[in-house]
Every structure is written in structure tokens, then in C-alpha cells.
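Scroll down for the structure; my scribbles are underneath it.
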Amino acid sequence: MKRRSRSAMVAAAIVFAFTFTVQSASADGPGPARVVPVSGTSALPPGCGLPEGDGYVLNPNTEVQPMVARDPKRPWHLVTMYQQDRWNRYGGNGTAGAVSDDYGATWRPSADQPAFSRCDGGTAANGGDYDVTTDHWVTMTPSGAAVAASFSLSRTGETTAILVSRSGDGGVHWGAPVTLQRDDDPRFFNDRPAITADPYHPGTVYAVWDRVDTQANGDWVQPVYLAKSTDDGRTWTTKKVYDFPANSGVIGTELVPMADGTLLIGMHHETTTTAATQVVRSTDGGDTWSAPTLNVAAPFAVGTKIPDPDGSGDPVRNATLPLLAARPGGRTVNAVWQNQAADGTFHVAYARSADNGKTWSAPVRVDRTPTGSAAVPAIAVSPGGTVAVTYYDFRNNTSAATLPTDFWAVTCAADCAKSGSWRERHIEGPFDARTVPSTSSGRMLGDYTGLVSTGSAFVAVYGVATGQAANPVDIHSATFRD
């Protein structure tokens, strides 16, 4: 949770124009998903980045942890951002992105990338002079602009910063980054931004993140910071908006605007002895915030490893944090998070609010994983109210030498607060998760994946192992319907 726990937690694409289909393996799934590749081998300059050594190991040609956004007025236009060339510790050498103009059927690389690190073209002059970059998030405004956020830092974590970059043409070309917060004092540690364009107030964009403050006496606090733009992501103001007592705080903040002007922030809260999934509300534009309206005790701290089904001592990294999705124009908001069962396995918990986040249903498990863990849930909701959740699981694991892993989706059109209302479909796999990047806290499938509704379908963007030694991990996109 604190900076030392986070350090234990973490360390332009070639696009193919063809499409292939992966048949559903679920008995009750409504049909196959259309799966296409988004990335290929690394397009970063050869030899960019710091050399390996002193325990730092590079995973070249790996793309991990994508986020995806949809143009609110042109639902066929999508943009995705992800890490390129992951290190075993903090972050990756650079950023990669791609855009689609056909609802995710095909993708092409962005013409350039935000200068979030030196490998991305970052310099002291343009504000991107950082060793590594991670935790990319992207949103699209009603004007059609894309705005991306990054956690950029020195490789050791002594310098940390939250950056944003704007693309006026929807993710094809990117402007110089703007610094929302930078700290060169290792007492402070900025972490895990999320960025959201307000669909009801054109021009307004929010970014939220947490910032560890380690006190001289050894105590720590991890408050929420918020930056706001009212000119479509060009300029920003930053302030601390939610504080905590000593030795407590949050990570994994995400802000979601509601149609009536309410703002919600979902987050994972920890003290030295407890943890919880929480949601807080603001009805005055983010100036003041409520006590948590969703407050579900979690039996694990961030960084608790997902157990390897084979007991090989090669677990899967667990840094998945709560995510929210609101039905457009309505009062209903949905939340998912990763929950740990009594047997130590992890599963997908879900709750919903029908009154703009004031009250919440009792949490239910929605993954259909028959044995082992379900990992890295993502959530989206269609204009009609259908909710989709994606996740990885290990039900097809059969051997200690490999870790067969599949990507799944569940959907619900009504009575979603009942576990039995969710239908499952197979998206892709199995692939061997033993070949995804190794980090200090386990194999990195990702801390999140991307998922959006395009109106009539859902598009997921996620990482898979390829089985190719020279190009071990790629980003894929899948389109599926309820």
C-alpha cells in the first residue's frame, strides 16, 4: 500500500490488418468473439532506455496493461494506450498506442506517442525526461480529442510524476506532456492515475491519483489528488481532495461523472491492519467529498499474490483495483473489484447503485470460474444497461511446467445484483502465462485491461502471451455481444 508495498507490487505497435475468430468455449455463451491483434514487435528506438543490471531485467517486445476509450460522438472510433517493453520492476521503457475507425475490427498504430519517457522522445525541454513510464490511462472528450495520463518516474522511484498528453485528432498525433504533479523528494510517491472526460460537461476532464507522503517519524499517509481541466485537456489545476489519518490511504482511484453532476471516486483503502473497497461522492464538482458510500472489507492488501494453481512458487501479480462503470444518462453505476475467498483464491466481486452512488447492493461474485482464481476484472455498461465484465482465469491449467490462462467475459442485462443473472463466454486462450513478464510480485498479466461499449457491442483490449520467444506478449482486441 505504502511506497515500499507498491515497489514490491510493480516494476508504436506493428498492426496486422487481418481478423481471425476464436470460438467460444462456454456452454452457455451466446456466440464467438471476434479477436484481432493490436500490437506486434516494439517500435521503440533500438537500444533506448537504461541498460540492464543491478537486478533490473528488461522484457523486450512485451506490451502490457492496456486501456481503451471510445469517442462519445463517433462510437466507431477507439483509441488504446499501453506499456511497451516492460521492466521487472517499475514500468516499461515507453508508451504505445493504436486507433480503430471500425469499432475495433482493425487497428493502426498512432503516428507518434505521448512523450512520457525518454524512449517516447521525452526530454527536459518537453517535460518527458523520465527513465520509465507506466499506468497509462486514456479518455475521449465530446470534441473528439483523446487525453492520456501516465505515471512517469526514475527507474529507482526517487522521482515520480503524473503527466497528461492531449491528441486533438483522436489519438493519432500527441502533444507535449503537461505535468500535473512531480516530486523529486523520495518522501513522496505519486502513483496510478486515471483520467476521465465528463460526457455531460464538454471541455471538462478529470485526473485522479494517490500520493504517498512518508513522515519523518516513519508514519505515512496516502491521500487522493485531483486535477481538473475546463478547456478540453489543455491546461490543468491540481489539488489534494481527500485526506486520511496517519498510516492509512488509498490506491487505484478512478473518477466517474454521473448525469446529475455527481462525481464518484472508486478506490482501494488500506490501513496498517485493514483493507476495503470504497466509493466516495461529490455533489459540488469535486470540492468536497462524502464518507464512503460503498465500503466493503477486503481480506487482502494490494500486492497479495494470486496463488499459482500448481504450487510452483511462480505466482501471478495482483495489483488489480476497483473499477466503476455508469450507465450513460442514468442514475445507475456498477462496481467490480477483486476479492479473495477463504481458500485463498481470487474472484470478481460486483455491486451496483441505482441512486447515483448513495446506496449499493450487497456484493455478489460474478465470475464463473469453476476452480482456481479469476484475475484482473474490467467493466463496461451499454446505453441500454447491459453490463459486461472481463477477466482472466486458470481453469484449463493442467501442468506444473506451464500456466494455461484464458480470457473470459460475463454479461448481464437485468437483475445484475443476483449472481445467477450473468452469462459467460470464452474470449481467447489458453495461452501460457508463465511467459508474461516476471515482476517482483509475480507474473504480470496486467493491473487492468480495457473494456468499452460501442452501443451494440463491447470491445475488450487485453494482453496475451504469444508463444514466440522474440515477441512474447502482444495486445489483442475482442468484440462481443450479449
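Labels for the C-alpha cells follow display order: chains A, B, ..., residues from 1 in each chain, ligands from 1.
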
Self-check item: Close residues, range 366-370 of chain A itself excluded, 12 Å, only C-alpha atoms, min 4 positions apart in chain, as number ranges by chain
Solution: A: 26-29, 335-339, 345-351, 374-379, 387-397, 405-412, 416-426

Ile195 in chain A surroundings by only C-alpha atoms, 10 Å radius, close-in-sequence under 5 positions cut, as a CSV table (one decimal) with N, CA and C atoms, in the first residue's frame:
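Below you can see out02.csv, which holds the result:
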chain,number,residue,atom,x,y,z
A,136,HIS,N,-0.7,3.7,-17.9
A,136,HIS,CA,-1.3,4.6,-18.9
A,136,HIS,C,-2.9,4.5,-18.8
A,137,TRP,N,-3.5,5.6,-19.0
A,137,TRP,CA,-5.0,5.6,-19.0
A,137,TRP,C,-5.3,6.6,-20.1
A,138,VAL,N,-6.5,6.4,-20.7
A,138,VAL,CA,-6.9,7.3,-21.8
A,138,VAL,C,-8.4,7.5,-21.8
A,139,THR,N,-8.8,8.7,-22.2
A,139,THR,CA,-10.2,9.0,-22.3
A,139,THR,C,-10.4,9.8,-23.5
A,140,MET,N,-11.7,10.0,-24.0
A,140,MET,CA,-12.0,10.8,-25.1
A,140,MET,C,-13.1,11.8,-24.8
A,147,VAL,N,-7.2,12.2,-24.5
A,147,VAL,CA,-6.3,12.7,-23.4
A,147,VAL,C,-5.8,11.5,-22.7
A,148,ALA,N,-4.5,11.3,-22.6
A,148,ALA,CA,-3.8,10.2,-21.9
A,148,ALA,C,-3.1,10.7,-20.7
A,149,ALA,N,-3.0,9.8,-19.7
A,149,ALA,CA,-2.3,10.0,-18.5
A,149,ALA,C,-1.2,9.0,-18.3
A,150,SER,N,-0.2,9.3,-17.6
A,150,SER,CA,1.0,8.4,-17.3
A,150,SER,C,1.5,8.7,-15.9
A,164,VAL,N,0.0,14.3,-18.4
A,164,VAL,CA,-1.1,14.1,-19.3
A,164,VAL,C,-0.6,14.6,-20.7
A,205,VAL,N,-12.4,17.7,-18.0
A,205,VAL,CA,-11.7,16.4,-17.9
A,205,VAL,C,-11.1,16.4,-16.5
A,206,TYR,N,-11.2,15.2,-15.8
A,206,TYR,CA,-10.6,15.0,-14.5
A,206,TYR,C,-9.5,13.9,-14.5
A,207,ALA,N,-8.5,14.1,-13.7
A,207,ALA,CA,-7.5,13.1,-13.5
A,207,ALA,C,-7.4,12.9,-12.0
A,208,VAL,N,-7.3,11.7,-11.5
A,208,VAL,CA,-7.1,11.4,-10.1
A,208,VAL,C,-6.0,10.4,-9.9
A,209,TRP,N,-5.3,10.5,-8.7
A,209,TRP,CA,-4.2,9.6,-8.4
A,209,TRP,C,-4.0,9.7,-6.9
A,226,LEU,N,-6.5,15.4,-7.2
A,226,LEU,CA,-7.4,15.6,-8.4
A,226,LEU,C,-6.9,16.8,-9.2
A,227,ALA,N,-6.8,16.6,-10.5
A,227,ALA,CA,-6.5,17.7,-11.4
A,227,ALA,C,-7.7,17.8,-12.3
A,228,LYS,N,-8.0,19.1,-12.6
A,228,LYS,CA,-9.2,19.4,-13.4
A,228,LYS,C,-8.9,20.3,-14.6
A,253,THR,N,-7.4,5.0,-7.6
A,253,THR,CA,-8.6,5.9,-7.7
A,253,THR,C,-9.0,6.0,-9.1
A,254,GLU,N,-10.4,6.0,-9.3
A,254,GLU,CA,-11.0,6.2,-10.6
A,254,GLU,C,-12.2,7.1,-10.4
A,255,LEU,N,-12.3,8.2,-11.2
A,255,LEU,CA,-13.4,9.1,-11.1
A,255,LEU,C,-14.4,8.9,-12.2
A,256,VAL,N,-15.7,8.8,-11.8
A,256,VAL,CA,-16.8,8.6,-12.8
A,256,VAL,C,-17.8,9.7,-12.6

Contacts of range 230-339 of chain A with range 62-78 of chain A up to 12 Å, shortest pair per row, only C-alpha atoms, as CSV:
residue,atom,partner,partner_atom,distance
A:Ala319,CA,A:Gln65,CA,11.3
A:Thr320,CA,A:Gln65,CA,10.8
A:Pro328,CA,A:Pro72,CA,10.3

Quiz item: DSSP says strand (DSSP E) for which residues of range 85-321 of chain A? Put them as a VMD selection string?
Solution: chain A and resid 85 to 87 92 to 100 108 to 109 132 to 140 146 to 153 160 to 167 178 to 183 188 to 197 205 to 214 220 to 222 224 to 229 237 to 242 248 to 257 263 to 271 275 to 282 294 to 297

Need to verify the contact set: Asp210 in chain A, 10 Å, only C-alpha atoms, exclusion of same-chain residues closer than 2 positions in sequence. Can you return it as a compact mmCIF listing (two decimals) with C-alpha atoms, in the first residue's frame?
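The resulting part_24.txt:
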# COMPACT_ATOMS: atom_id res chain seq x y z
CA ILE A 162 1.82 12.33 -13.14
CA PHE A 189 5.48 8.91 -4.34
CA ASN A 190 2.82 9.67 -6.95
CA ASP A 191 1.01 6.61 -8.27
CA ARG A 192 -1.65 5.10 -10.60
CA PRO A 193 -3.51 7.91 -12.37
CA VAL A 208 -7.11 11.41 -10.06
CA VAL A 212 2.30 8.74 -0.66
CA ASP A 213 3.70 11.10 1.98
CA VAL A 221 -0.45 8.87 4.59
CA GLN A 222 -1.75 8.30 1.06
CA PRO A 223 -4.34 10.93 0.04
CA VAL A 224 -6.23 11.46 -3.23
CA TYR A 225 -5.17 14.19 -5.63
CA LEU A 226 -7.39 15.56 -8.38
CA LYS A 240 -5.44 17.36 -2.77
CA TYR A 242 -9.38 13.55 0.06
CA GLY A 249 -4.76 5.91 2.49
CA VAL A 250 -5.85 4.65 -0.91
CA ILE A 251 -4.57 3.45 -4.24
CA GLY A 252 -6.31 2.82 -7.55
CA THR A 253 -8.56 5.87 -7.69
CA MET A 267 -10.63 3.25 -4.64

Quiz prompt | Contacts of Ser110 in chain A within 10 Å, only C-alpha atoms, excl. fewer than 2 positions in-chain, as number ranges by chain | solution = A: 12-13, 79-81, 96-100, 107-108, 112-114, 170-174

Write to file, as a PDB file, in the first residue's frame, the residues of the selection just made, with N, CA and C atoms.
ATOM      1  N   ALA A  12       5.597   2.224 -31.056  1.00  0.00           N
ATOM      2  CA  ALA A  12       4.305   2.192 -31.738  1.00  0.00           C
ATOM      3  C   ALA A  12       4.169   0.835 -32.352  1.00  0.00           C
ATOM      4  N   ALA A  13       3.122   0.323 -32.137  1.00  0.00           N
ATOM      5  CA  ALA A  13       2.853  -1.058 -32.459  1.00  0.00           C
ATOM      6  C   ALA A  13       2.911  -1.323 -33.952  1.00  0.00           C
ATOM      7  N   VAL A  79      -9.487   4.422 -29.219  1.00  0.00           N
ATOM      8  CA  VAL A  79      -8.056   4.614 -29.032  1.00  0.00           C
ATOM      9  C   VAL A  79      -7.617   3.791 -27.832  1.00  0.00           C
ATOM     10  N   THR A  80      -6.457   3.142 -27.932  1.00  0.00           N
ATOM     11  CA  THR A  80      -5.912   2.357 -26.827  1.00  0.00           C
ATOM     12  C   THR A  80      -4.476   2.770 -26.572  1.00  0.00           C
ATOM     13  N   MET A  81      -4.077   2.707 -25.295  1.00  0.00           N
ATOM     14  CA  MET A  81      -2.711   3.012 -24.875  1.00  0.00           C
ATOM     15  C   MET A  81      -2.233   1.884 -23.969  1.00  0.00           C
ATOM     16  N   ALA A  96       2.917   2.851 -26.066  1.00  0.00           N
ATOM     17  CA  ALA A  96       2.442   2.539 -27.414  1.00  0.00           C
ATOM     18  C   ALA A  96       0.947   2.784 -27.465  1.00  0.00           C
ATOM     19  N   GLY A  97       0.460   3.114 -28.640  1.00  0.00           N
ATOM     20  CA  GLY A  97      -0.959   3.362 -28.801  1.00  0.00           C
ATOM     21  C   GLY A  97      -1.413   3.002 -30.196  1.00  0.00           C
ATOM     22  N   ALA A  98      -2.710   2.806 -30.343  1.00  0.00           N
ATOM     23  CA  ALA A  98      -3.296   2.472 -31.630  1.00  0.00           C
ATOM     24  C   ALA A  98      -4.711   3.010 -31.674  1.00  0.00           C
ATOM     25  N   VAL A  99      -5.224   3.196 -32.875  1.00  0.00           N
ATOM     26  CA  VAL A  99      -6.581   3.701 -33.065  1.00  0.00           C
ATOM     27  C   VAL A  99      -7.334   2.779 -34.017  1.00  0.00           C
ATOM     28  N   SER A 100      -8.645   2.755 -33.853  1.00  0.00           N
ATOM     29  CA  SER A 100      -9.534   1.994 -34.727  1.00  0.00           C
ATOM     30  C   SER A 100     -10.653   2.906 -35.200  1.00  0.00           C
ATOM     31  N   TRP A 107      -6.966  -2.214 -36.341  1.00  0.00           N
ATOM     32  CA  TRP A 107      -6.254  -1.174 -35.608  1.00  0.00           C
ATOM     33  C   TRP A 107      -5.030  -0.736 -36.392  1.00  0.00           C
ATOM     34  N   ARG A 108      -4.642   0.525 -36.232  1.00  0.00           N
ATOM     35  CA  ARG A 108      -3.402   1.021 -36.815  1.00  0.00           C
ATOM     36  C   ARG A 108      -2.651   1.792 -35.726  1.00  0.00           C
ATOM     37  N   ASP A 112       2.523   8.997 -33.644  1.00  0.00           N
ATOM     38  CA  ASP A 112       3.562   9.194 -32.643  1.00  0.00           C
ATOM     39  C   ASP A 112       2.966   8.882 -31.282  1.00  0.00           C
ATOM     40  N   GLN A 113       3.767   9.009 -30.249  1.00  0.00           N
ATOM     41  CA  GLN A 113       3.321   8.670 -28.908  1.00  0.00           C
ATOM     42  C   GLN A 113       3.486   9.873 -27.980  1.00  0.00           C
ATOM     43  N   PRO A 114       2.718   9.942 -26.894  1.00  0.00           N
ATOM     44  CA  PRO A 114       2.990  10.976 -25.890  1.00  0.00           C
ATOM     45  C   PRO A 114       4.407  10.819 -25.357  1.00  0.00           C
ATOM     46  N   GLY A 170      -7.873  12.589 -31.979  1.00  0.00           N
ATOM     47  CA  GLY A 170      -8.406  11.318 -31.507  1.00  0.00           C
ATOM     48  C   GLY A 170      -7.406  10.208 -31.321  1.00  0.00           C
ATOM     49  N   GLY A 171      -6.147  10.540 -31.028  1.00  0.00           N
ATOM     50  CA  GLY A 171      -5.158   9.520 -30.701  1.00  0.00           C
ATOM     51  C   GLY A 171      -4.140   9.243 -31.773  1.00  0.00           C
ATOM     52  N   VAL A 172      -4.159   9.996 -32.877  1.00  0.00           N
ATOM     53  CA  VAL A 172      -3.186   9.769 -33.953  1.00  0.00           C
ATOM     54  C   VAL A 172      -1.889  10.519 -33.677  1.00  0.00           C
ATOM     55  N   HIS A 173      -1.969  11.805 -33.351  1.00  0.00           N
ATOM     56  CA  HIS A 173      -0.806  12.619 -33.019  1.00  0.00           C
ATOM     57  C   HIS A 173      -0.989  13.170 -31.598  1.00  0.00           C
ATOM     58  N   TRP A 174       0.123  13.270 -30.870  1.00  0.00           N
ATOM     59  CA  TRP A 174       0.051  13.651 -29.466  1.00  0.00           C
ATOM     60  C   TRP A 174       0.906  14.879 -29.184  1.00  0.00           C
TER      61      TRP A 174
END

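Counting from CA of Gly442 in chain A, the distance to CA of Ala301 in chain A is 14.8 Å.
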
Practice problem: May I have the residues within 9 Å of range 434-439 of chain A as an MDAnalysis selection string, using only C-alpha atoms and disregarding those fewer than 2 positions away in the same chain? | Solution: chainID A and resid 8:11 58:59 62 64 86:90 314 316:317 401:404 431:432 441:445 463:467 469 472:473

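Minimum atom-to-atom distance to Ala124 in chain A, evaluated using only C-alpha atoms, belongs to A:Thr179 out of A:Thr156, A:Ser165, A:Thr179, A:Ser477.
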
Please identify all polymer residues within 10 Å of Pro45 in chain A, counting only C-alpha atoms, omitting same-chain residues fewer than 3 positions from it, and present them as a PDB file with N, CA and C atoms, in the first residue's frame.
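Generated output (around10.pdb):
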ATOM      1  N   ALA A  12       5.597   2.224 -31.056  1.00  0.00           N
ATOM      2  CA  ALA A  12       4.305   2.192 -31.738  1.00  0.00           C
ATOM      3  C   ALA A  12       4.169   0.835 -32.352  1.00  0.00           C
ATOM      4  N   SER A  42       8.137  -4.356 -30.823  1.00  0.00           N
ATOM      5  CA  SER A  42       8.311  -2.991 -30.328  1.00  0.00           C
ATOM      6  C   SER A  42       8.755  -2.043 -31.433  1.00  0.00           C
ATOM      7  N   CYS A  48      17.146   2.087 -26.812  1.00  0.00           N
ATOM      8  CA  CYS A  48      16.728   3.190 -25.937  1.00  0.00           C
ATOM      9  C   CYS A  48      16.521   2.658 -24.525  1.00  0.00           C
ATOM     10  N   GLY A  49      16.571   3.523 -23.560  1.00  0.00           N
ATOM     11  CA  GLY A  49      16.371   3.126 -22.183  1.00  0.00           C
ATOM     12  C   GLY A  49      17.672   2.774 -21.493  1.00  0.00           C
ATOM     13  N   GLY A  94       8.608   2.526 -22.614  1.00  0.00           N
ATOM     14  CA  GLY A  94       7.855   3.526 -23.341  1.00  0.00           C
ATOM     15  C   GLY A  94       6.383   3.232 -23.416  1.00  0.00           C
ATOM     16  N   CYS A 119      12.405   7.103 -24.038  1.00  0.00           N
ATOM     17  CA  CYS A 119      12.202   6.238 -25.198  1.00  0.00           C
ATOM     18  C   CYS A 119      11.032   6.713 -26.053  1.00  0.00           C
ATOM     19  N   ASP A 120      10.113   7.472 -25.468  1.00  0.00           N
ATOM     20  CA  ASP A 120       8.997   8.055 -26.217  1.00  0.00           C
ATOM     21  C   ASP A 120       9.365   9.395 -26.844  1.00  0.00           C
ATOM     22  N   GLY A 121      10.622   9.824 -26.682  1.00  0.00           N
ATOM     23  CA  GLY A 121      11.021  11.139 -27.164  1.00  0.00           C
ATOM     24  C   GLY A 121      10.990  12.210 -26.110  1.00  0.00           C
TER      25      GLY A 121
END

Quiz item: Can you list, as a count of residues only, every protein, DNA or RNA residue that comes within 12 Å of Ala276 in chain A when you count only C-alpha atoms, leaving out same-chain residues fewer than 4 positions away?
Solution: 30

Quiz item: Residues of range 228-447 of chain A in helix (DSSP H, G or I) according to DSSP, as a list in words?
Solution: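 Reading the DSSP output for range 228-447 of chain A, helix (DSSP H, G or I) covers Ser419, Gly420, Ser421, Ala433, Arg434 and Thr435 of chain A.
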